[in-house]
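Trainee: model_17.pdb is reproduced in full below (PDB, C-alpha atoms).
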```pdb
ATOM      1  CA  MET U   1     208.142  11.162  66.924
ATOM      2  CA  THR U   2     206.117   8.172  68.059
ATOM      3  CA  PRO U   3     206.249   5.007  65.950
ATOM      4  CA  ARG U   4     203.448   4.143  63.560
ATOM      5  CA  PRO U   5     201.028   1.603  65.031
ATOM      6  CA  ASP U   6     200.660  -1.898  63.739
ATOM      7  CA  ASP U   7     197.391  -3.871  63.640
ATOM      8  CA  GLU U   8     198.030  -5.391  67.059
ATOM      9  CA  ALA U   9     198.542  -1.965  68.648
ATOM     10  CA  ARG U  10     195.359  -0.652  67.041
ATOM     11  CA  THR U  11     193.364  -3.665  68.243
ATOM     12  CA  GLU U  12     194.727  -3.273  71.757
ATOM     13  CA  LEU U  13     193.891   0.432  71.736
ATOM     14  CA  ARG U  14     190.317  -0.225  70.547
ATOM     15  CA  ASP U  15     189.876  -2.795  73.355
ATOM     16  CA  LEU U  16     191.161  -0.359  75.971
ATOM     17  CA  VAL U  17     188.901   2.406  74.701
ATOM     18  CA  ALA U  18     185.916   0.034  74.763
ATOM     19  CA  LYS U  19     186.694  -0.925  78.378
ATOM     20  CA  ALA U  20     187.034   2.722  79.391
ATOM     21  CA  SER U  21     183.749   3.533  77.679
ATOM     22  CA  GLN U  22     182.015   0.636  79.426
ATOM     23  CA  ARG U  23     183.364   1.797  82.811
ATOM     24  CA  ARG U  24     182.091   5.302  82.117
ATOM     25  CA  GLU U  25     178.626   4.022  81.256
ATOM     26  CA  SER U  26     178.395   1.831  84.355
ATOM     27  CA  GLU U  27     179.511   4.727  86.571
ATOM     28  CA  ARG U  28     177.009   7.035  84.908
ATOM     29  CA  GLU U  29     174.247   4.489  85.590
ATOM     30  CA  ARG U  30     175.377   4.040  89.217
ATOM     31  CA  VAL U  31     175.357   7.796  89.818
ATOM     32  CA  GLU U  32     171.915   8.146  88.215
ATOM     33  CA  ILE U  33     170.520   5.413  90.471
ATOM     34  CA  GLU U  34     172.047   6.990  93.590
ATOM     35  CA  PHE U  35     170.732  10.416  92.602
ATOM     36  CA  TRP U  36     167.115   9.300  92.154
ATOM     37  CA  GLN U  37     167.179   7.159  95.291
ATOM     38  CA  GLU U  38     168.356  10.210  97.241
ATOM     39  CA  ILE U  39     165.614  12.337  95.664
ATOM     40  CA  ASP U  40     163.106   9.631  96.655
ATOM     41  CA  ARG U  41     164.278   9.880 100.267
ATOM     42  CA  LEU U  42     164.222  13.681 100.202
ATOM     43  CA  GLN U  43     160.694  13.967  98.864
ATOM     44  CA  GLY U  44     159.386  12.389 102.060
ATOM     45  CA  ARG U  45     160.846  15.111 104.297
ATOM     46  CA  TYR U  46     157.669  17.199 104.378
ATOM     47  CA  HIS U  47     154.343  17.640 102.597
ATOM     48  CA  GLY U  48     155.006  19.428  99.311
ATOM     49  CA  ALA U  49     158.680  18.469  99.114
ATOM     50  CA  GLN U  50     158.147  16.730  95.775
ATOM     51  CA  GLN U  51     156.987  20.005  94.211
ATOM     52  CA  ASP U  52     159.877  21.901  95.770
ATOM     53  CA  ILE U  53     162.313  19.308  94.370
ATOM     54  CA  ALA U  54     160.672  19.564  90.944
ATOM     55  CA  ASP U  55     161.024  23.347  91.082
ATOM     56  CA  ALA U  56     164.692  23.094  92.127
ATOM     57  CA  LEU U  57     165.442  20.655  89.289
ATOM     58  CA  ASP U  58     163.244  22.581  86.830
ATOM     59  CA  VAL U  59     161.184  19.500  85.959
ATOM     60  CA  LYS U  60     157.549  18.453  86.406
ATOM     61  CA  ARG U  61     156.370  16.553  89.492
ATOM     62  CA  ASN U  62     155.409  13.697  87.205
ATOM     63  CA  GLN U  63     159.037  13.246  86.147
ATOM     64  CA  ILE U  64     160.104  13.089  89.799
ATOM     65  CA  LEU U  65     157.470  10.422  90.393
ATOM     66  CA  ARG U  66     158.465   8.354  87.341
ATOM     67  CA  GLN U  67     162.195   8.501  88.004
ATOM     68  CA  THR U  68     161.938   7.736  91.715
ATOM     69  CA  LYS U  69     159.679   4.766  90.998
ATOM     70  CA  ARG U  70     162.094   3.560  88.337
ATOM     71  CA  TYR U  71     165.159   3.704  90.580
ATOM     72  CA  ARG U  72     163.574   2.974  93.964
ATOM     73  CA  SER U  73     165.454   0.343  95.914
ATOM     74  CA  ALA U  74     163.524  -2.743  96.982
ATOM     75  CA  ASP U  75     163.945  -1.972 100.706
ATOM     76  CA  GLN U  76     162.769   1.615 100.348
ATOM     77  CA  PRO U  77     159.072   2.302 100.984
ATOM     78  CA  ALA U  78     157.131   4.367  98.461
ATOM     79  CA  THR U  79     156.520   7.987  99.415
ATOM     80  CA  ASN U  80     153.417   9.528  97.942
ATOM     81  CA  ASP U  81     153.109  13.271  98.017
TER      82      ASP U  81
END
```
What would you get if you wrote out this structure as C-alpha coordinates?
Mentor:
Amino acid sequence: MTPRPDDEARTELRDLVAKASQRRESERERVEIEFWQEIDRLQGRYHGAQQDIADALDVKRNQILRQTKRYRSADQPATND
(Lines of atoms letter the chains of each structure in order from A and count residues from 1; the text may use other names and numbers.)
(Lines give C-alpha, C1' and ligand atoms only; values in the text may rest on other atoms or scores of the structure.)
Protein backbone atom coordinates (compact mmCIF):
# COMPACT_ATOMS: atom_id res chain seq x y z
CA MET A 1 0.00 0.00 0.00
CA THR A 2 1.36 3.40 -0.94
CA PRO A 3 1.88 5.96 1.84
CA ARG A 4 -0.62 8.74 2.41
CA PRO A 5 0.50 12.02 0.84
CA ASP A 6 1.46 15.05 2.84
CA ASP A 7 0.81 18.67 1.80
CA GLU A 8 4.19 18.94 0.09
CA ALA A 9 3.54 15.84 -2.03
CA ARG A 10 0.11 17.14 -3.02
CA THR A 11 1.54 20.54 -3.98
CA GLU A 12 4.28 18.89 -6.03
CA LEU A 13 1.73 16.67 -7.77
CA ARG A 14 -0.52 19.65 -8.61
CA ASP A 15 2.50 21.49 -10.08
CA LEU A 16 3.46 18.49 -12.21
CA VAL A 17 -0.09 18.06 -13.45
CA ALA A 18 -0.26 21.77 -14.32
CA LYS A 19 3.00 21.51 -16.30
CA ALA A 20 1.75 18.43 -18.15
CA SER A 21 -1.51 20.19 -18.95
CA GLN A 22 0.35 23.26 -20.22
CA ARG A 23 2.55 21.07 -22.44
CA ARG A 24 -0.54 19.37 -23.84
CA GLU A 25 -2.17 22.70 -24.65
CA SER A 26 0.93 24.08 -26.36
CA GLU A 27 1.29 20.90 -28.44
CA ARG A 28 -2.38 21.02 -29.36
CA GLU A 29 -1.94 24.64 -30.51
CA ARG A 30 1.22 23.76 -32.48
CA VAL A 31 -0.53 20.89 -34.26
CA GLU A 32 -3.55 23.08 -35.06
CA ILE A 33 -1.29 25.74 -36.59
CA GLU A 34 0.61 23.15 -38.66
CA PHE A 35 -2.65 21.58 -39.83
CA TRP A 36 -4.18 24.83 -41.10
CA GLN A 37 -0.93 25.98 -42.70
CA GLU A 38 -0.80 22.68 -44.59
CA ILE A 39 -4.44 23.08 -45.65
CA ASP A 40 -3.58 26.61 -46.84
CA ARG A 41 -0.80 25.19 -49.01
CA LEU A 42 -3.03 22.39 -50.32
CA GLN A 43 -5.88 24.65 -51.35
CA GLY A 44 -3.63 26.27 -53.95
CA ARG A 45 -2.98 22.99 -55.78
CA TYR A 46 -5.76 23.49 -58.33
CA HIS A 47 -8.88 25.56 -58.96
CA GLY A 48 -11.65 24.22 -56.73
CA ALA A 49 -9.32 22.57 -54.22
CA GLN A 50 -10.75 24.65 -51.38
CA GLN A 51 -14.20 23.17 -51.97
CA ASP A 52 -12.77 19.66 -52.22
CA ILE A 53 -10.93 20.20 -48.91
CA ALA A 54 -14.12 21.52 -47.31
CA ASP A 55 -15.99 18.45 -48.54
CA ALA A 56 -13.27 16.11 -47.22
CA LEU A 57 -13.31 17.81 -43.81
CA ASP A 58 -17.12 18.13 -43.83
CA VAL A 59 -17.01 21.89 -43.23
CA LYS A 60 -18.02 24.98 -45.21
CA ARG A 61 -15.59 26.76 -47.53
CA ASN A 62 -15.93 29.82 -45.34
CA GLN A 63 -14.46 27.93 -42.38
CA ILE A 64 -11.48 26.88 -44.50
CA LEU A 65 -10.97 30.51 -45.47
CA ARG A 66 -11.23 31.81 -41.89
CA GLN A 67 -8.95 29.18 -40.39
CA THR A 68 -6.27 29.43 -43.08
CA LYS A 69 -6.23 33.22 -42.74
CA ARG A 70 -5.99 32.89 -38.97
CA TYR A 71 -3.04 30.49 -39.03
CA ARG A 72 -1.29 31.63 -42.22
CA SER A 73 2.42 32.11 -41.74
CA ALA A 74 3.85 35.54 -42.54
CA ASP A 75 6.01 34.20 -45.40
CA GLN A 76 3.14 32.33 -47.03
CA PRO A 77 1.23 34.15 -49.79
CA ALA A 78 -2.56 34.20 -49.67
CA THR A 79 -4.32 31.77 -51.99
CA ASN A 80 -7.75 32.83 -53.12
CA ASP A 81 -9.98 30.23 -54.65
Trainee: Write out as a list in words the residues lying within 7 Å of Gln37 (chain U), counting only C-alpha atoms and excluding same-chain residues fewer than 5 positions away.
Mentor: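 Using only C-alpha atoms, the neighbours found are Thr68, Tyr71 and Arg72 of chain U.
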Trainee: Using all atoms listed in the file, which of the listed residues (U:Asp40, U:Ala56, U:Gln51, U:Glu34) sits closest to Lys69 (chain U)?
Mentor: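 Using all atoms listed in the file, the shortest distance to Lys69 (chain U) belongs to U:Asp40.
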Trainee: Considering all atoms listed in the file, state which residue in the set U:Glu25, U:Gly48, U:Ala54, U:Trp36 is at the smallest distance from Gln67 (chain U).
Mentor: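 When distances to Gln67 (chain U) are compared using all atoms listed in the file, the smallest one comes from U:Trp36.
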Trainee: Show which residues sit within 10 Å of Arg61 (chain U), as a list in words. Count only C-alpha atoms, and ignore same-chain residues fewer than 6 positions away.
Mentor: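 So, after excluding close chain neighbours, the residues are Gln50, Gln51, Asp52, Ile53, Ala54, Asp55 and Asp81 of chain U.
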Trainee: Emit as JSON the padded axis-aligned box for all listed atoms of region 26-34 of chain U, 4 Å per side, with centre and edge lengths in Å to one decimal.
Mentor:
```
{"center_x": 175.0, "center_y": 5.0, "center_z": 89.0, "size_x": 17.0, "size_y": 14.3, "size_z": 17.2}
```
Trainee: What is the distance, in Å and to one decimal place, between CA of Ile39 (chain U) and CA of Arg24 (chain U)?
Mentor: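 Straight-line distance from CA of Ile39 (chain U) to CA of Arg24 (chain U) works out to 22.5 Å.
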Trainee: In Å to one decimal, how far is CA of Leu65 (chain U) from CA of Arg41 (chain U)?
Mentor: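 About the pair CA of Arg41 (chain U) and CA of Leu65 (chain U): they are 12.0 Å apart.
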Trainee: For CA of Gln63 (chain U) and CA of Gly44 (chain U), quote the distance in Å rounded to one decimal.
Mentor: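 These atoms are spaced 15.9 Å apart.
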